[in-house]
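> Got a file for you: structure_25.pdb, PDB, C-alpha atoms.
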```
ATOM      1  CA  MET A   1     102.523 132.910  84.693
ATOM      2  CA  ALA A   2      98.806 132.099  84.492
ATOM      3  CA  THR A   3      98.640 130.425  87.891
ATOM      4  CA  SER A   4      99.044 132.353  91.115
ATOM      5  CA  ARG A   5      99.596 129.637  93.685
ATOM      6  CA  PRO A   6      99.087 125.938  94.368
ATOM      7  CA  LEU A   7      95.695 124.856  95.633
ATOM      8  CA  GLY A   8      95.781 124.321  99.378
ATOM      9  CA  ARG A   9      94.692 120.916 100.591
ATOM     10  CA  ARG A  10      92.059 122.534 102.775
ATOM     11  CA  GLU A  11      90.476 123.945  99.610
ATOM     12  CA  LEU A  12      89.916 120.464  98.203
ATOM     13  CA  PRO A  13      86.586 118.817  99.063
ATOM     14  CA  ILE A  14      86.915 115.527 100.973
ATOM     15  CA  ASP A  15      84.561 113.770  98.577
ATOM     16  CA  THR A  16      85.369 112.281  95.197
ATOM     17  CA  VAL A  17      82.360 113.577  93.259
ATOM     18  CA  SER A  18      82.673 117.053  94.783
ATOM     19  CA  LEU A  19      86.384 117.131  93.951
ATOM     20  CA  ALA A  20      85.732 116.066  90.347
ATOM     21  CA  ARG A  21      83.406 119.055  89.927
ATOM     22  CA  TYR A  22      85.674 121.394  91.888
ATOM     23  CA  LEU A  23      88.689 120.686  89.684
ATOM     24  CA  ILE A  24      86.932 121.920  86.528
ATOM     25  CA  GLY A  25      88.544 125.283  85.793
ATOM     26  CA  LYS A  26      91.615 124.649  87.947
ATOM     27  CA  VAL A  27      95.087 124.381  86.423
ATOM     28  CA  VAL A  28      97.626 121.569  86.068
ATOM     29  CA  VAL A  29     101.161 122.982  86.121
ATOM     30  CA  ARG A  30     104.179 121.006  84.897
ATOM     31  CA  GLU A  31     107.637 122.415  85.597
ATOM     32  CA  LEU A  32     110.186 121.127  83.096
ATOM     33  CA  THR A  33     113.819 122.009  82.493
ATOM     34  CA  GLU A  34     112.864 123.915  79.327
ATOM     35  CA  GLY A  35     110.054 125.838  80.981
ATOM     36  CA  ILE A  36     106.559 125.629  82.387
ATOM     37  CA  ALA A  37     103.673 123.934  80.594
ATOM     38  CA  SER A  38     100.162 124.222  81.982
ATOM     39  CA  GLY A  39      96.535 123.683  81.108
ATOM     40  CA  ARG A  40      93.110 124.425  82.537
ATOM     41  CA  ILE A  41      91.110 121.335  83.509
ATOM     42  CA  VAL A  42      87.966 121.028  81.365
ATOM     43  CA  GLU A  43      87.023 117.382  81.975
ATOM     44  CA  THR A  44      87.241 114.939  84.889
ATOM     45  CA  GLU A  45      85.869 111.566  85.953
ATOM     46  CA  ALA A  46      85.158 110.469  89.532
ATOM     47  CA  TYR A  47      86.062 106.949  90.686
ATOM     48  CA  VAL A  48      84.310 106.799  94.029
ATOM     49  CA  VAL A  49      84.620 104.524  97.064
ATOM     50  CA  GLY A  50      83.280 101.057  96.215
ATOM     51  CA  ASP A  51      83.297 101.792  92.471
ATOM     52  CA  ALA A  52      83.752  98.572  90.473
ATOM     53  CA  ALA A  53      85.448 100.586  87.726
ATOM     54  CA  GLY A  54      87.988 102.101  90.115
ATOM     55  CA  HIS A  55      91.504 100.827  90.722
ATOM     56  CA  ALA A  56      90.937 100.839  94.501
ATOM     57  CA  TYR A  57      87.937  98.496  94.303
ATOM     58  CA  ARG A  58      89.814  95.360  95.414
ATOM     59  CA  GLY A  59      91.904  97.135  98.040
ATOM     60  CA  MET A  60      95.380  98.585  98.280
ATOM     61  CA  THR A  61      98.231  97.164  96.199
ATOM     62  CA  GLY A  62     101.738  98.321  95.436
ATOM     63  CA  ARG A  63     100.456  99.784  92.188
ATOM     64  CA  ASN A  64      97.482 101.755  93.499
ATOM     65  CA  ARG A  65      98.648 102.816  96.965
ATOM     66  CA  SER A  66      98.714 106.488  95.902
ATOM     67  CA  LEU A  67      94.903 106.406  95.645
ATOM     68  CA  PHE A  68      94.822 105.790  99.406
ATOM     69  CA  LEU A  69      96.894 108.872 100.264
ATOM     70  CA  GLU A  70      95.351 112.059 101.619
ATOM     71  CA  ARG A  71      93.422 113.999  98.971
ATOM     72  CA  GLY A  72      95.552 116.004  96.539
ATOM     73  CA  HIS A  73      98.219 113.441  95.649
ATOM     74  CA  ALA A  74      98.979 112.151  92.158
ATOM     75  CA  TYR A  75      98.137 108.615  91.129
ATOM     76  CA  VAL A  76      99.774 107.906  87.767
ATOM     77  CA  TYR A  77      99.399 104.579  86.004
ATOM     78  CA  LEU A  78     100.061 103.150  82.565
ATOM     79  CA  ALA A  79      96.875 102.157  80.719
ATOM     80  CA  TYR A  80      97.043  99.237  78.276
ATOM     81  CA  GLY A  81     100.829  99.591  78.173
ATOM     82  CA  ILE A  82     100.441 102.718  76.029
ATOM     83  CA  SER A  83      99.339 105.894  77.813
ATOM     84  CA  TYR A  84      99.830 107.282  81.297
ATOM     85  CA  MET A  85      96.775 108.509  83.207
ATOM     86  CA  LEU A  86      96.853 111.314  85.786
ATOM     87  CA  ASN A  87      94.522 110.983  88.767
ATOM     88  CA  VAL A  88      94.123 112.950  91.995
ATOM     89  CA  SER A  89      93.513 111.092  95.273
ATOM     90  CA  SER A  90      90.247 112.331  96.688
ATOM     91  CA  GLU A  91      89.359 111.068 100.160
ATOM     92  CA  LYS A  92      90.788 110.799 103.684
ATOM     93  CA  PRO A  93      94.041 108.855 104.146
ATOM     94  CA  GLY A  94      93.471 105.122 103.887
ATOM     95  CA  ILE A  95      90.337 105.417 101.725
ATOM     96  CA  GLY A  96      90.949 104.568  98.075
ATOM     97  CA  ALA A  97      89.283 106.774  95.467
ATOM     98  CA  GLY A  98      90.334 109.308  92.873
ATOM     99  CA  VAL A  99      89.559 111.732  90.088
ATOM    100  CA  LEU A 100      90.884 111.142  86.573
ATOM    101  CA  ILE A 101      91.961 114.303  84.749
ATOM    102  CA  ARG A 102      90.593 113.709  81.247
ATOM    103  CA  ALA A 103      91.302 116.901  79.294
ATOM    104  CA  LEU A 104      93.025 120.284  79.502
ATOM    105  CA  GLU A 105      92.809 123.585  77.690
ATOM    106  CA  PRO A 106      96.484 124.453  77.020
ATOM    107  CA  LEU A 107      97.604 127.721  78.634
ATOM    108  CA  GLU A 108     101.390 127.980  78.915
ATOM    109  CA  GLY A 109     104.245 126.214  77.195
ATOM    110  CA  ILE A 110     102.321 125.367  74.047
ATOM    111  CA  PRO A 111     105.557 124.963  72.026
ATOM    112  CA  ILE A 112     106.746 122.447  74.654
ATOM    113  CA  MET A 113     103.466 120.535  74.383
ATOM    114  CA  ARG A 114     103.638 120.534  70.590
ATOM    115  CA  LEU A 115     107.137 119.070  70.730
ATOM    116  CA  ASN A 116     106.138 116.440  73.293
ATOM    117  CA  ARG A 117     103.052 115.402  71.318
ATOM    118  CA  GLY A 118     104.278 115.882  67.759
ATOM    119  CA  VAL A 119     101.024 117.713  67.026
ATOM    120  CA  GLU A 120     100.487 121.299  65.847
ATOM    121  CA  ARG A 121      96.779 121.832  66.486
ATOM    122  CA  VAL A 122      96.314 123.344  69.948
ATOM    123  CA  ARG A 123      92.867 121.770  70.330
ATOM    124  CA  ASP A 124      94.369 118.284  70.088
ATOM    125  CA  LEU A 125      97.354 118.734  72.416
ATOM    126  CA  ALA A 126      95.629 117.693  75.656
ATOM    127  CA  ARG A 127      92.116 116.599  74.616
ATOM    128  CA  GLY A 128      92.067 113.189  76.282
ATOM    129  CA  PRO A 129      93.801 111.649  79.322
ATOM    130  CA  GLY A 130      96.648 110.023  77.412
ATOM    131  CA  ARG A 131      97.243 113.091  75.288
ATOM    132  CA  LEU A 132      97.508 115.436  78.249
ATOM    133  CA  THR A 133     100.060 113.269  80.056
ATOM    134  CA  ALA A 134     102.135 113.047  76.866
ATOM    135  CA  ALA A 135     101.893 116.814  76.348
ATOM    136  CA  LEU A 136     103.047 117.484  79.918
ATOM    137  CA  ARG A 137     105.517 114.561  80.011
ATOM    138  CA  ILE A 138     103.831 112.905  82.981
ATOM    139  CA  ASP A 139     104.830 109.332  83.849
ATOM    140  CA  ARG A 140     105.103 106.964  86.817
ATOM    141  CA  SER A 141     108.039 108.929  88.234
ATOM    142  CA  LEU A 142     105.450 111.497  89.394
ATOM    143  CA  ASP A 143     103.211 108.937  91.116
ATOM    144  CA  ALA A 144     102.387 109.825  94.771
ATOM    145  CA  LEU A 145     103.563 113.414  94.317
ATOM    146  CA  ASP A 146     101.871 116.031  96.502
ATOM    147  CA  LEU A 147      99.978 118.237  94.046
ATOM    148  CA  CYS A 148      99.252 120.880  96.693
ATOM    149  CA  ARG A 149     102.769 122.286  96.717
ATOM    150  CA  GLU A 150     105.034 123.690  94.029
ATOM    151  CA  GLY A 151     107.294 121.151  92.391
ATOM    152  CA  PRO A 152     107.535 119.259  89.108
ATOM    153  CA  LEU A 153     103.729 118.862  88.968
ATOM    154  CA  TRP A 154     101.038 120.719  90.910
ATOM    155  CA  LEU A 155      97.471 121.973  90.899
ATOM    156  CA  GLY A 156      96.823 125.699  90.826
ATOM    157  CA  ARG A 157      94.151 128.290  90.316
ATOM    158  CA  ASP A 158      93.880 131.412  88.192
ATOM    159  CA  ASP A 159      91.334 134.201  87.933
ATOM    160  CA  HIS A 160      89.291 132.426  85.282
ATOM    161  CA  GLU A 161      85.735 131.560  86.257
ATOM    162  CA  PRO A 162      84.589 128.282  84.670
ATOM    163  CA  GLY A 163      81.364 128.227  82.714
ATOM    164  CA  GLU A 164      78.532 125.733  82.989
ATOM    165  CA  ILE A 165      79.561 122.230  84.039
ATOM    166  CA  GLY A 166      77.930 119.267  82.309
ATOM    167  CA  GLN A 167      77.620 115.719  83.629
ATOM    168  CA  SER A 168      77.518 112.359  81.840
ATOM    169  CA  THR A 169      78.466 108.710  82.056
ATOM    170  CA  ARG A 170      82.162 107.906  82.020
ATOM    171  CA  ILE A 171      84.086 106.930  78.899
ATOM    172  CA  GLY A 172      85.675 103.579  78.030
ATOM    173  CA  ILE A 173      84.585 101.507  81.030
ATOM    174  CA  SER A 174      82.387  98.396  81.287
ATOM    175  CA  ARG A 175      81.723  98.135  85.054
ATOM    176  CA  ASP A 176      79.456 100.656  86.789
ATOM    177  CA  ALA A 177      79.223 102.266  83.356
ATOM    178  CA  ASP A 178      75.820 103.905  83.847
ATOM    179  CA  ARG A 179      76.866 106.202  86.694
ATOM    180  CA  LEU A 180      76.919 109.939  85.909
ATOM    181  CA  LEU A 181      80.441 110.550  87.210
ATOM    182  CA  ARG A 182      82.033 112.455  84.323
ATOM    183  CA  PHE A 183      82.132 116.250  84.503
ATOM    184  CA  TYR A 184      83.055 118.629  81.713
ATOM    185  CA  LEU A 185      83.011 122.291  80.776
ATOM    186  CA  ARG A 186      80.107 122.795  78.395
ATOM    187  CA  ASP A 187      80.948 124.353  75.005
ATOM    188  CA  SER A 188      84.694 123.810  75.481
ATOM    189  CA  PRO A 189      86.405 122.657  72.265
ATOM    190  CA  PHE A 190      89.075 120.983  74.411
ATOM    191  CA  VAL A 191      86.746 118.375  75.961
ATOM    192  CA  SER A 192      87.226 114.781  74.776
ATOM    193  CA  GLY A 193      84.658 112.116  74.028
ATOM    194  CA  PRO A 194      81.748 111.821  71.600
ATOM    195  CA  ARG A 195      79.420 114.746  70.975
ATOM    196  CA  SER A 196      76.523 112.717  72.341
ATOM    197  CA  LEU A 197      78.063 112.941  75.827
ATOM    198  CA  ASN A 198      78.981 116.617  75.596
ATOM    199  CA  ALA A 199      75.591 118.213  75.042
TER     200      ALA A 199
END
```
Mind converting the file's structure to structure tokens?

Amino acid sequence: MATSRPLGRRELPIDTVSLARYLIGKVVVRELTEGIASGRIVETEAYVVGDAAGHAYRGMTGRNRSLFLERGHAYVYLAYGISYMLNVSSEKPGIGAGVLIRALEPLEGIPIMRLNRGVERVRDLARGPGRLTAALRIDRSLDALDLCREGPLWLGRDDHEPGEIGQSTRIGISRDADRLLRFYLRDSPFVSGPRSLNA
């Protein structure tokens, strides 16, 4: 298995932007009945405290309460009634903010991902937030899950050292759109978004 252990909560920075950078190169592990599927995180977006583009901006609701949990919990929501999005809560308990996982480099369980996505090309299996949740079969049933312990979905590390991390504006938002809160692994073919943002 590519991952050695779950990330400990103490390893996670208590700051949304720092966590978004820190998660580049870490691993998302999905344990399914037919086996393990995992991918290395190559792209994230930070949705910080007071961010007009963030789901926590107007306060806690039944839908977004997972964003207010202690850092390292999953916040999963359905975007536009089509695709699930996987986020990681990123601040102290009671403070709403999170990091969107935007793209993965597939590591394990590629046949499982291909079946889940109906796509052959490895590069396209998890290149984008909706694609990666489909590839790993992530839905609202995993919302609020603790990602710092082994289970159906968790965050891990391996021995891989990430390369240079780039920074840009976020993708597909209209509010607070000029903030440089997207982080990505430079030169990775698995990063999503237009080339103009991935220089």
> Just to confirm, what's the straight-line distance from atom CA of Leu100 of chain A to atom CA of Arg5 of chain A in Å (one decimal)?
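Atom CA of Leu100 of chain A sits 21.6 Å away from atom CA of Arg5 of chain A.
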> Could you give me, as a VMD selection string, the residues within 12 Å of Leu132 of chain A, counting all atoms listed in the file and dropping anything in the same chain fewer than 3 positions from it?
chain A and resid 28 to 30 37 to 43 83 to 87 100 to 106 110 113 to 114 116 to 117 119 122 to 129 135 to 139 190 to 192
> Based on the selection just made, write C-alpha atoms of those residues as a short mmCIF file (atom, residue, chain, number, x, y, z; two decimals), in the frame of the given file.

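Full text of selection11.cif as output:
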```cif
data_model
loop_
_atom_site.label_atom_id
_atom_site.label_comp_id
_atom_site.auth_asym_id
_atom_site.auth_seq_id
_atom_site.Cartn_x
_atom_site.Cartn_y
_atom_site.Cartn_z
CA VAL A 28 97.63 121.57 86.07
CA VAL A 29 101.16 122.98 86.12
CA ARG A 30 104.18 121.01 84.90
CA ALA A 37 103.67 123.93 80.59
CA SER A 38 100.16 124.22 81.98
CA GLY A 39 96.54 123.68 81.11
CA ARG A 40 93.11 124.42 82.54
CA ILE A 41 91.11 121.34 83.51
CA VAL A 42 87.97 121.03 81.36
CA GLU A 43 87.02 117.38 81.98
CA SER A 83 99.34 105.89 77.81
CA TYR A 84 99.83 107.28 81.30
CA MET A 85 96.78 108.51 83.21
CA LEU A 86 96.85 111.31 85.79
CA ASN A 87 94.52 110.98 88.77
CA LEU A 100 90.88 111.14 86.57
CA ILE A 101 91.96 114.30 84.75
CA ARG A 102 90.59 113.71 81.25
CA ALA A 103 91.30 116.90 79.29
CA LEU A 104 93.02 120.28 79.50
CA GLU A 105 92.81 123.58 77.69
CA PRO A 106 96.48 124.45 77.02
CA ILE A 110 102.32 125.37 74.05
CA MET A 113 103.47 120.54 74.38
CA ARG A 114 103.64 120.53 70.59
CA ASN A 116 106.14 116.44 73.29
CA ARG A 117 103.05 115.40 71.32
CA VAL A 119 101.02 117.71 67.03
CA VAL A 122 96.31 123.34 69.95
CA ARG A 123 92.87 121.77 70.33
CA ASP A 124 94.37 118.28 70.09
CA LEU A 125 97.35 118.73 72.42
CA ALA A 126 95.63 117.69 75.66
CA ARG A 127 92.12 116.60 74.62
CA GLY A 128 92.07 113.19 76.28
CA PRO A 129 93.80 111.65 79.32
CA ALA A 135 101.89 116.81 76.35
CA LEU A 136 103.05 117.48 79.92
CA ARG A 137 105.52 114.56 80.01
CA ILE A 138 103.83 112.90 82.98
CA ASP A 139 104.83 109.33 83.85
CA PHE A 190 89.08 120.98 74.41
CA VAL A 191 86.75 118.38 75.96
CA SER A 192 87.23 114.78 74.78
#
```
> A:Arg140, A:Leu185, A:Gly163, A:Gly130: which is nearest Tyr80 of chain A, counting only C-alpha atoms?
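Looking at the shortest contact to Tyr80 of chain A, the residue is A:Gly130.
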> Please, what distance in Å, to one decimal, runs between atom CA of Arg195 of chain A and atom CA of Leu78 of chain A?
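Going from atom CA of Arg195 of chain A over to atom CA of Leu78 of chain A covers 26.4 Å.
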> How far is it from atom CA of Arg186 of chain A to atom CA of Gly25 of chain A, in Å with one decimal?
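If I compute the distance from atom CA of Arg186 of chain A to atom CA of Gly25 of chain A, I get 11.5 Å.
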> Find the residues near Glu45 of chain A: any atom within 10 Å, counting only C-alpha atoms, skip ones fewer than 2 places away on the same chain, and give them as a ChimeraX atom specification.
/A:16-17,19-21,43,47-48,87,98-102,167-171,180-184
> Out of A:Gly118, A:Pro194, A:Gly156, A:Gly151, which residue has the shortest atom-to-atom distance to Glu11 of chain A when counting only C-alpha atoms?
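Once distances to Glu11 of chain A are computed over only C-alpha atoms, the minimum belongs to A:Gly156.
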> Looking at all atoms listed in the file, which of A:Leu145, A:Lys92, A:Ala53, A:Glu108 is the one that sits closest to Tyr75 of chain A?
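Counting all atoms listed in the file, the residue closest to Tyr75 of chain A is A:Leu145.
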> So which one's closest to Asp146 of chain A, A:Glu120, A:Glu164, A:Glu70, A:Asp15? Using all atoms listed in the file, please.
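Of all the options, A:Glu70 lies closest to Asp146 of chain A.
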> Smallest atom-to-atom distance to Ser66 of chain A: which of A:Ala97, A:Asn198, A:Ser188, A:Ile24, using only C-alpha atoms?
A:Ala97
> Pull out every residue that the PyMOL selection byres ((chain A and resi 57) around 12) matches in the shown coordinates and put them as a list in words.
Tyr47, Val48, Val49, Gly50, Asp51, Ala52, Ala53, Gly54, His55, Ala56, Arg58, Gly59, Met60, Thr61, Asn64, Arg65, Leu67, Phe68, Ile95, Gly96, Ala97, Gly98, Arg175 and Asp176 of chain A
> Restricting the calculation to only C-alpha atoms: of A:Gly62, A:Gly81, A:Pro111, A:Gly72, which residue gets closest to Pro13 of chain A?
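Of all the options, A:Gly72 lies closest to Pro13 of chain A.
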> Give me segment 185-197 of chain A from this structure - N, CA, C and O atoms, as a PDB file, in the first residue's frame.

```pdb
ATOM      1  N   LEU A 185       0.431  21.526  -7.801  1.00  0.00           N
ATOM      2  CA  LEU A 185       1.765  20.998  -8.048  1.00  0.00           C
ATOM      3  C   LEU A 185       2.168  21.362  -9.469  1.00  0.00           C
ATOM      4  O   LEU A 185       1.552  20.912 -10.440  1.00  0.00           O
ATOM      5  N   ARG A 186       3.183  22.197  -9.591  1.00  0.00           N
ATOM      6  CA  ARG A 186       3.628  22.631 -10.914  1.00  0.00           C
ATOM      7  C   ARG A 186       4.078  21.431 -11.755  1.00  0.00           C
ATOM      8  O   ARG A 186       4.669  20.485 -11.233  1.00  0.00           O
ATOM      9  N   ASP A 187       3.795  21.476 -13.034  1.00  0.00           N
ATOM     10  CA  ASP A 187       4.214  20.460 -14.007  1.00  0.00           C
ATOM     11  C   ASP A 187       3.512  19.122 -13.827  1.00  0.00           C
ATOM     12  O   ASP A 187       3.901  18.133 -14.453  1.00  0.00           O
ATOM     13  N   SER A 188       2.465  19.065 -12.982  1.00  0.00           N
ATOM     14  CA  SER A 188       1.717  17.818 -12.849  1.00  0.00           C
ATOM     15  C   SER A 188       0.661  17.736 -13.944  1.00  0.00           C
ATOM     16  O   SER A 188      -0.138  18.664 -14.107  1.00  0.00           O
ATOM     17  N   PRO A 189       0.614  16.628 -14.696  1.00  0.00           N
ATOM     18  CA  PRO A 189      -0.414  16.487 -15.727  1.00  0.00           C
ATOM     19  C   PRO A 189      -1.794  16.209 -15.143  1.00  0.00           C
ATOM     20  O   PRO A 189      -2.782  16.196 -15.873  1.00  0.00           O
ATOM     21  N   PHE A 190      -1.868  16.008 -13.828  1.00  0.00           N
ATOM     22  CA  PHE A 190      -3.134  15.654 -13.189  1.00  0.00           C
ATOM     23  C   PHE A 190      -3.866  16.861 -12.607  1.00  0.00           C
ATOM     24  O   PHE A 190      -4.948  16.723 -12.056  1.00  0.00           O
ATOM     25  N   VAL A 191      -3.271  18.052 -12.719  1.00  0.00           N
ATOM     26  CA  VAL A 191      -3.893  19.278 -12.232  1.00  0.00           C
ATOM     27  C   VAL A 191      -5.010  19.686 -13.182  1.00  0.00           C
ATOM     28  O   VAL A 191      -4.894  19.530 -14.392  1.00  0.00           O
ATOM     29  N   SER A 192      -6.096  20.238 -12.635  1.00  0.00           N
ATOM     30  CA  SER A 192      -7.221  20.678 -13.463  1.00  0.00           C
ATOM     31  C   SER A 192      -7.068  22.146 -13.814  1.00  0.00           C
ATOM     32  O   SER A 192      -6.099  22.804 -13.415  1.00  0.00           O
ATOM     33  N   GLY A 193      -8.043  22.681 -14.515  1.00  0.00           N
ATOM     34  CA  GLY A 193      -8.054  24.106 -14.808  1.00  0.00           C
ATOM     35  C   GLY A 193      -7.319  24.467 -16.091  1.00  0.00           C
ATOM     36  O   GLY A 193      -6.598  23.655 -16.674  1.00  0.00           O
ATOM     37  N   PRO A 194      -7.483  25.724 -16.516  1.00  0.00           N
ATOM     38  CA  PRO A 194      -6.853  26.181 -17.758  1.00  0.00           C
ATOM     39  C   PRO A 194      -5.346  26.336 -17.606  1.00  0.00           C
ATOM     40  O   PRO A 194      -4.838  26.579 -16.508  1.00  0.00           O
ATOM     41  N   ARG A 195      -4.640  26.203 -18.709  1.00  0.00           N
ATOM     42  CA  ARG A 195      -3.180  26.318 -18.684  1.00  0.00           C
ATOM     43  C   ARG A 195      -2.718  27.669 -18.163  1.00  0.00           C
ATOM     44  O   ARG A 195      -1.681  27.793 -17.558  1.00  0.00           O
ATOM     45  N   SER A 196      -3.525  28.696 -18.406  1.00  0.00           N
ATOM     46  CA  SER A 196      -3.157  30.046 -17.989  1.00  0.00           C
ATOM     47  C   SER A 196      -3.003  30.164 -16.478  1.00  0.00           C
ATOM     48  O   SER A 196      -2.271  31.021 -15.984  1.00  0.00           O
ATOM     49  N   LEU A 197      -3.671  29.292 -15.729  1.00  0.00           N
ATOM     50  CA  LEU A 197      -3.581  29.313 -14.266  1.00  0.00           C
ATOM     51  C   LEU A 197      -2.529  28.345 -13.736  1.00  0.00           C
ATOM     52  O   LEU A 197      -2.245  28.336 -12.541  1.00  0.00           O
TER      53      LEU A 197
END
```
